[in-house]
Amino acid sequence: MRLLEHSRIIARPGWSRWLVPPAALAIHLSIGQVYAWSVFKLPLESALHISGAASALPFQVGILVLGLSAAFGGTLVESRGPRWAMLVSLVAFSTGFLIAALGVATRSYWLVVFGYGFVGGIGLGIGYISPVSTLMKWFPDRPGMATGTAIMGFGGGALIASPWSTQMLSAFGSDTDGIAKTFLVHGVTYAVLMTLGVLLVRVPPSGWRPAGRQ
């Protein structure tokens, strides 16, 4: 895909580095949803007749896979570039929701764990490290702001997702059909939001330095 070619993501002269934080936020606000998983625990326990420990497992697997994919995918992120990484994150995270929706609709608990926890967890890990490394390249003079933006986005994702998910469950219902629809809407909506980050992200050209910094 030409969209993923390295030459397509190198910023041209005059391109503003301040467009990178919105690209990073588009990814982190999406994957930060993971910390709003508690909204789904009670509905899943009731709809699928599972225990509290079982309803927490998709989240736990997701966090585990987040760490593993971040650890083992870091080299690929650096070699393939942030756009590739963000696209992988988009596909994995959104697909994880769609698989989880199918799992709930068919009352297949382990499909929910596999979709949200394993597939979605890959999206979490790859999506988490890419914006951070890209922000650091663009803002070597403001490292605190760069990392703070990433952390803010990850935390803010849960702040947005929690009431949003609650409202959807109220509208669709907290039975298997309602939960499946909620997961489906999440998957599609986050795919759209993360696409903005994929299209917007750029890397600085070789030798680039912030204005006034040699």
# chains A, B, ... in the order shown; residues from 1 in each chain; ligands from 1
>>> closest_atom_pairs(of="stretch 163-200 of chain A", to="stretch 35-55 of chain A", cutoff="6 Å", atoms="only C-alpha atoms", output="JSON lines")
{"residue": "A:Ser174", "atom": "CA", "partner": "A:Pro43", "partner_atom": "CA", "distance": 5.4}
{"residue": "A:Asp175", "atom": "CA", "partner": "A:Ala47", "partner_atom": "CA", "distance": 5.3}
{"residue": "A:Thr176", "atom": "CA", "partner": "A:Ala47", "partner_atom": "CA", "distance": 5.6}
>>> residues_around(residues="A:Ala161", least_positions_apart="6", cutoff="12 Å", atoms="only C-alpha atoms", output="PDB file with N, CA and C atoms, in the first residue's frame")
ATOM      1  N   HIS A  28      -4.909   7.218  21.194  1.00  0.00           N
ATOM      2  CA  HIS A  28      -4.943   6.959  22.636  1.00  0.00           C
ATOM      3  C   HIS A  28      -6.325   7.159  23.250  1.00  0.00           C
ATOM      4  N   LEU A  29      -7.104   8.093  22.738  1.00  0.00           N
ATOM      5  CA  LEU A  29      -8.473   8.241  23.244  1.00  0.00           C
ATOM      6  C   LEU A  29      -9.309   7.008  22.919  1.00  0.00           C
ATOM      7  N   SER A  30      -8.945   6.339  21.831  1.00  0.00           N
ATOM      8  CA  SER A  30      -9.670   5.130  21.437  1.00  0.00           C
ATOM      9  C   SER A  30      -9.271   3.942  22.309  1.00  0.00           C
ATOM     10  N   ILE A  31      -7.972   3.640  22.344  1.00  0.00           N
ATOM     11  CA  ILE A  31      -7.543   2.459  23.085  1.00  0.00           C
ATOM     12  C   ILE A  31      -7.665   2.638  24.595  1.00  0.00           C
ATOM     13  N   GLY A  32      -7.779   3.885  25.048  1.00  0.00           N
ATOM     14  CA  GLY A  32      -7.983   4.130  26.475  1.00  0.00           C
ATOM     15  C   GLY A  32      -9.309   3.590  26.973  1.00  0.00           C
ATOM     16  N   GLN A  33     -10.181   3.192  26.039  1.00  0.00           N
ATOM     17  CA  GLN A  33     -11.458   2.593  26.411  1.00  0.00           C
ATOM     18  C   GLN A  33     -11.281   1.381  27.313  1.00  0.00           C
ATOM     19  N   VAL A  34     -10.127   0.737  27.232  1.00  0.00           N
ATOM     20  CA  VAL A  34      -9.916  -0.504  27.984  1.00  0.00           C
ATOM     21  C   VAL A  34     -10.162  -0.303  29.476  1.00  0.00           C
ATOM     22  N   TYR A  35      -9.885   0.880  29.974  1.00  0.00           N
ATOM     23  CA  TYR A  35     -10.057   1.131  31.402  1.00  0.00           C
ATOM     24  C   TYR A  35     -11.506   1.452  31.771  1.00  0.00           C
ATOM     25  N   ALA A  36     -12.394   1.386  30.795  1.00  0.00           N
ATOM     26  CA  ALA A  36     -13.825   1.522  31.066  1.00  0.00           C
ATOM     27  C   ALA A  36     -14.524   0.161  30.978  1.00  0.00           C
ATOM     28  N   TRP A  37     -13.739  -0.931  30.943  1.00  0.00           N
ATOM     29  CA  TRP A  37     -14.311  -2.266  30.805  1.00  0.00           C
ATOM     30  C   TRP A  37     -15.288  -2.598  31.935  1.00  0.00           C
ATOM     31  N   SER A  38     -15.092  -2.025  33.104  1.00  0.00           N
ATOM     32  CA  SER A  38     -15.942  -2.348  34.251  1.00  0.00           C
ATOM     33  C   SER A  38     -17.420  -2.090  33.955  1.00  0.00           C
ATOM     34  N   VAL A  39     -17.704  -1.188  33.014  1.00  0.00           N
ATOM     35  CA  VAL A  39     -19.092  -0.911  32.634  1.00  0.00           C
ATOM     36  C   VAL A  39     -19.775  -2.175  32.132  1.00  0.00           C
ATOM     37  N   PHE A  40     -19.018  -3.059  31.503  1.00  0.00           N
ATOM     38  CA  PHE A  40     -19.600  -4.256  30.890  1.00  0.00           C
ATOM     39  C   PHE A  40     -19.640  -5.471  31.810  1.00  0.00           C
ATOM     40  N   GLY A 153      -4.300  11.229  26.859  1.00  0.00           N
ATOM     41  CA  GLY A 153      -5.205  10.589  25.914  1.00  0.00           C
ATOM     42  C   GLY A 153      -5.644   9.220  26.374  1.00  0.00           C
ATOM     43  N   PHE A 154      -4.708   8.455  26.914  1.00  0.00           N
ATOM     44  CA  PHE A 154      -5.026   7.101  27.368  1.00  0.00           C
ATOM     45  C   PHE A 154      -6.007   7.145  28.532  1.00  0.00           C
ATOM     46  N   GLY A 155      -5.770   8.054  29.467  1.00  0.00           N
ATOM     47  CA  GLY A 155      -6.687   8.196  30.596  1.00  0.00           C
ATOM     48  C   GLY A 155      -8.011   8.812  30.183  1.00  0.00           C
ATOM     49  N   GLN A 167     -24.593   4.810  28.415  1.00  0.00           N
ATOM     50  CA  GLN A 167     -25.737   5.328  27.669  1.00  0.00           C
ATOM     51  C   GLN A 167     -26.182   4.360  26.580  1.00  0.00           C
ATOM     52  N   MET A 168     -25.218   3.739  25.899  1.00  0.00           N
ATOM     53  CA  MET A 168     -25.584   2.791  24.849  1.00  0.00           C
ATOM     54  C   MET A 168     -26.255   1.550  25.416  1.00  0.00           C
ATOM     55  N   LEU A 169     -25.761   1.081  26.551  1.00  0.00           N
ATOM     56  CA  LEU A 169     -26.392  -0.080  27.177  1.00  0.00           C
ATOM     57  C   LEU A 169     -27.804   0.251  27.644  1.00  0.00           C
ATOM     58  N   THR A 182     -23.706  -2.717  21.309  1.00  0.00           N
ATOM     59  CA  THR A 182     -22.800  -1.734  21.908  1.00  0.00           C
ATOM     60  C   THR A 182     -21.359  -1.995  21.476  1.00  0.00           C
ATOM     61  N   PHE A 183     -20.946  -3.256  21.516  1.00  0.00           N
ATOM     62  CA  PHE A 183     -19.605  -3.608  21.049  1.00  0.00           C
ATOM     63  C   PHE A 183     -19.426  -3.265  19.567  1.00  0.00           C
ATOM     64  N   VAL A 185     -20.966  -0.925  17.800  1.00  0.00           N
ATOM     65  CA  VAL A 185     -20.844   0.526  17.645  1.00  0.00           C
ATOM     66  C   VAL A 185     -19.459   0.990  18.079  1.00  0.00           C
ATOM     67  N   HIS A 186     -18.955   0.413  19.158  1.00  0.00           N
ATOM     68  CA  HIS A 186     -17.605   0.752  19.609  1.00  0.00           C
ATOM     69  C   HIS A 186     -16.583   0.449  18.509  1.00  0.00           C
ATOM     70  N   THR A 189     -17.001   2.946  15.522  1.00  0.00           N
ATOM     71  CA  THR A 189     -16.677   4.327  15.893  1.00  0.00           C
ATOM     72  C   THR A 189     -15.181   4.516  16.114  1.00  0.00           C
ATOM     73  N   TYR A 190     -14.572   3.592  16.832  1.00  0.00           N
ATOM     74  CA  TYR A 190     -13.139   3.706  17.078  1.00  0.00           C
ATOM     75  C   TYR A 190     -12.332   3.534  15.796  1.00  0.00           C
TER      76      TYR A 190
END
>>> residues_around(residues="stretch 109-119 of chain A", least_positions_apart="3", cutoff="12 Å", atoms="only C-alpha atoms", output="ChimeraX atom specification")
/A:31,33-34,37,40,44-45,47-51,54-69,88-106,122-126,176,179-180,183-184,186-187
>>> atom_distance(atom1="atom CA of A:Leu19", atom2="atom CA of A:Trp164")
26.4 Å
>>> atom_distance(atom1="atom CA of A:Ile129", atom2="atom CA of A:Met86")
9.5 Å
>>> closest_residue(among="A:Ala158, A:Gly173, A:Trp15, A:Arg209", to="A:Pro140", atoms="only C-alpha atoms")
A:Arg209
>>> closest_residue(among="A:Arg12, A:Trp138, A:Leu159, A:Gly127", to="A:Ala26", atoms="only C-alpha atoms")
A:Gly127
>>> closest_residue(among="A:Ala24, A:Pro205, A:Tyr128, A:Leu87", to="A:Ala71", atoms="only C-alpha atoms")
A:Tyr128
>>> closest_residue(among="A:Gly197, A:Gly207, A:Pro163, A:Pro131", to="A:Ala150", atoms="only C-alpha atoms")
A:Pro131
>>> closest_residue(among="A:Ala70, A:Leu199, A:Arg80, A:Ser165", to="A:Lys181", atoms="only C-alpha atoms")
A:Ser165
>>> atom_distance(atom1="atom CA of A:Val132", atom2="atom CA of A:Thr147")
6.3 Å
